[in-house]
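Quick look at run08.txt (compact mmCIF, C-alpha atoms):
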```txt
# COMPACT_ATOMS: atom_id res chain seq x y z
CA MET V 20 0.00 0.00 0.00
CA PRO V 21 1.55 3.37 -1.02
CA THR V 22 2.31 5.94 1.64
CA PRO V 23 -0.09 8.88 1.37
CA ALA V 24 1.41 12.23 0.44
CA PRO V 25 1.87 14.55 3.41
CA THR V 26 -0.90 17.07 3.94
CA LEU V 27 -0.27 20.80 3.77
CA GLY V 28 -0.80 21.17 7.52
CA TRP V 29 1.64 18.37 8.28
CA LEU V 30 4.27 19.86 5.95
CA ILE V 31 3.95 23.32 7.52
CA THR V 32 4.20 21.84 11.01
CA ASP V 33 7.22 19.73 10.09
CA VAL V 34 9.00 22.63 8.36
CA SER V 35 8.34 24.75 11.45
CA ARG V 36 9.84 22.06 13.70
CA LEU V 37 12.93 21.74 11.50
CA LEU V 38 13.28 25.51 11.20
CA ARG V 39 13.21 25.91 14.98
CA ARG V 40 15.84 23.19 15.37
CA ARG V 41 18.10 24.88 12.78
CA PHE V 42 17.56 28.29 14.43
CA ASP V 43 18.51 26.87 17.83
CA ALA V 44 21.68 25.34 16.35
CA ALA V 45 22.55 28.60 14.57
CA LEU V 46 22.18 30.53 17.83
CA GLU V 47 24.76 28.27 19.43
CA ARG V 48 27.17 28.94 16.55
CA VAL V 49 26.87 32.75 16.77
CA ASP V 50 27.21 32.70 20.59
CA THR V 51 24.59 35.18 21.82
CA GLY V 52 24.70 33.93 25.39
CA LEU V 53 20.92 33.57 25.26
CA THR V 54 18.67 30.56 25.33
CA PRO V 55 16.71 29.99 22.11
CA ALA V 56 13.52 31.16 23.84
CA GLU V 57 15.20 34.37 25.03
CA ALA V 58 16.53 35.03 21.52
CA ARG V 59 13.05 34.47 20.05
CA ALA V 60 11.59 36.88 22.62
CA LEU V 61 14.23 39.51 21.85
CA ASN V 62 13.64 39.15 18.11
CA LEU V 63 9.86 39.45 18.59
CA ILE V 64 10.29 42.60 20.68
CA ARG V 65 12.36 44.08 17.86
CA ARG V 66 9.82 43.09 15.19
CA MET V 67 6.83 44.29 17.23
CA PRO V 68 7.96 47.19 19.43
CA GLY V 69 5.73 48.82 22.00
CA ARG V 70 3.79 45.67 22.93
CA ARG V 71 2.71 44.65 26.40
CA GLN V 72 4.09 41.53 28.04
CA GLY V 73 0.76 39.69 27.72
CA VAL V 74 0.52 40.35 23.99
CA LEU V 75 4.10 39.19 23.48
CA ALA V 76 3.32 35.96 25.37
CA GLU V 77 0.32 35.32 23.11
CA LEU V 78 2.36 35.98 19.99
CA MET V 79 5.09 33.60 21.20
CA GLY V 80 2.52 30.96 22.09
CA VAL V 81 3.68 30.71 25.71
CA GLU V 82 2.07 31.33 29.08
CA PRO V 83 2.61 34.86 30.45
CA MET V 84 4.56 33.51 33.45
CA THR V 85 6.91 31.65 31.11
CA LEU V 86 7.62 34.86 29.22
CA VAL V 87 8.15 36.76 32.48
CA GLY V 88 11.08 34.46 33.28
CA HIS V 89 12.65 35.15 29.89
CA LEU V 90 12.06 38.89 30.24
CA ASP V 91 13.55 38.91 33.76
CA ARG V 92 16.78 37.38 32.44
CA LEU V 93 16.86 39.75 29.43
CA GLU V 94 16.32 42.72 31.74
CA ARG V 95 19.08 41.58 34.13
CA SER V 96 21.36 41.29 31.09
CA GLY V 97 20.56 44.90 30.18
CA LEU V 98 18.96 43.97 26.84
CA ILE V 99 15.40 45.14 27.56
CA ARG V 100 13.57 47.51 29.85
CA ARG V 101 9.99 47.47 31.08
CA VAL V 102 8.27 50.82 30.71
CA VAL V 103 4.92 51.84 32.20
CA ASP V 104 2.22 51.81 29.53
CA PRO V 105 0.90 55.39 29.30
CA CYS V 106 -2.59 54.00 28.58
CA ASP V 107 -2.63 51.67 31.61
CA ARG V 108 -0.18 52.29 34.44
CA ARG V 109 -0.61 48.67 35.64
CA ALA V 110 0.74 47.31 32.35
CA ARG V 111 4.33 47.27 31.10
CA ILE V 112 5.59 47.80 27.57
CA ILE V 113 8.80 46.02 26.64
CA GLU V 114 11.56 47.95 24.87
CA LEU V 115 15.00 46.99 23.61
CA THR V 116 17.98 48.84 25.03
CA ALA V 117 20.99 50.06 23.08
CA GLU V 118 22.93 47.11 24.52
CA ALA V 119 20.61 44.77 22.61
CA ASP V 120 21.99 45.99 19.27
CA VAL V 121 25.14 43.85 19.46
CA VAL V 122 23.17 40.75 20.44
CA MET V 123 20.60 41.41 17.71
CA GLN V 124 23.43 41.57 15.15
CA ARG V 125 24.52 38.09 16.24
CA ILE V 126 20.94 36.83 16.12
CA ASP V 127 20.66 38.27 12.61
CA GLU V 128 23.80 36.35 11.62
CA GLY V 129 22.16 33.16 12.85
CA LEU V 130 18.91 33.99 11.07
CA ALA V 131 20.82 34.62 7.83
CA LEU V 132 22.48 31.20 8.09
CA VAL V 133 19.12 29.50 8.58
CA ARG V 134 17.45 31.50 5.83
CA ALA V 135 20.16 30.43 3.39
CA GLU V 136 19.60 26.79 4.37
CA LEU V 137 15.82 27.18 4.16
CA THR V 138 15.71 28.81 0.74
CA ALA V 139 18.53 26.90 -0.96
CA GLY V 140 17.37 25.95 -4.44
CA LEU V 141 14.62 28.58 -4.61
CA THR V 142 14.78 31.47 -7.04
CA PRO V 143 14.07 34.93 -5.62
CA ALA V 144 10.70 34.82 -7.41
CA GLU V 145 9.84 31.46 -5.84
CA GLU V 146 10.88 32.71 -2.41
CA SER V 147 8.69 35.79 -2.82
CA GLN V 148 5.76 33.68 -4.01
CA LEU V 149 6.14 31.29 -1.08
CA GLN V 150 6.23 34.20 1.36
CA GLN V 151 3.04 35.66 -0.13
CA LEU V 152 1.27 32.30 0.03
CA LEU V 153 2.28 31.81 3.66
CA LEU V 154 1.10 35.33 4.52
CA THR V 155 -2.26 34.48 2.94
CA LEU V 156 -2.51 31.28 4.99
CA LYS V 157 -1.62 33.20 8.16
CA ALA V 158 -4.20 35.90 7.45
CA ASN V 159 -6.85 33.24 6.79
CA LEU V 160 -6.17 31.57 10.14
CA CYS V 161 -6.05 34.87 12.05
CA ASP V 162 -9.38 35.88 10.50
CA ALA V 163 -10.89 32.50 11.43
CA ASP V 164 -9.60 32.89 15.01
CA GLN V 165 -11.17 36.34 15.28
CA ARG V 166 -14.49 35.14 13.87
CA THR V 167 -14.66 32.25 16.31
CA GLY V 168 -13.08 34.06 19.25
CA ALA V 169 -10.32 31.48 19.48
CA ALA V 170 -7.77 31.86 22.24
CA GLY V 171 -4.37 33.10 21.15
CA ALA V 172 -5.73 35.53 18.57
CA PRO V 173 -4.61 38.91 19.91
CA ALA V 174 -6.43 41.93 18.62
CA GLY V 175 -4.90 43.13 15.39
CA SER V 176 -2.86 39.99 14.84
CA ASN V 177 -4.10 39.68 11.28
CA ALA V 178 -2.67 43.12 10.55
CA ASP V 179 0.73 41.60 11.23
CA ALA V 180 0.04 38.69 8.88
```

Could you spell out this file's structure in C-alpha cells?
Amino acid sequence: MPTPAPTLGWLITDVSRLLRRRFDAALERVDTGLTPAEARALNLIRRMPGRRQGVLAELMGVEPMTLVGHLDRLERSGLIRRVVDPCDRRARIIELTAEADVVMQRIDEGLALVRAELTAGLTPAEESQLQQLLLTLKANLCDADQRTGAAGAPAGSNADA
C-alpha cells in the first residue's frame, strides 16, 4: 500500500519544527549567550515594538509567566527595559535597550544562516511567491480565530500577517 502524500498542515508543522531546530543550532554557533527562547523573545520585541508583556506571550505561544522568566533574564542582562504603559499604568511595555543591538546583530547572523539553508534551491521569485502564500494562509487563520473568538488571537494579529 503506497504511503499517502503529506498534507499541507503536516508539511507546515514539520518545516516549522525543522526551522526551529536549525535556528537553535545557529544561535549556538553565533554565541549570543541567550537561550533559544530568550533570543526568540528579543527578536519578537524588535519586530513588534511597543507591545505589552501579555501580547508578546500570546504571539510567542507561551504562558505569560513563562515569558516573564525570559524577560527577567533579558532585563538583568541589560537587553530590555519594562516601561509603564501610558494607557494603563498597571501594564508594562517592553523595549529593547541600546545594549541589545550587538546581540541582535549576532541573532541576525544566525537567522541569515538558517534563511540560506531554508531557501537553498529557490529562485528569488519562488521565495517571494512562497512568502506571499504563507502570509495568505496566516491571514486566513487569524481571520478565522477572530471570527470564532479562538484563544491566542490577539487583537490586530491579522494586521501583522

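When all atoms listed in the file are used to compute distances to Gln72 in chain V, the closest of the residues V:Ile113, V:Ala56, V:Ile99, V:Leu93 turns out to be V:Ile113.
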
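Using all atoms listed in the file, the nearest neighbour of Arg100 in chain V within the list V:Ser147, V:Thr85, V:Thr142, V:Thr116 is V:Thr116.
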
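Taking CA of Val81 in chain V and CA of Arg59 in chain V as the two end points, the separation is 11.6 Å.
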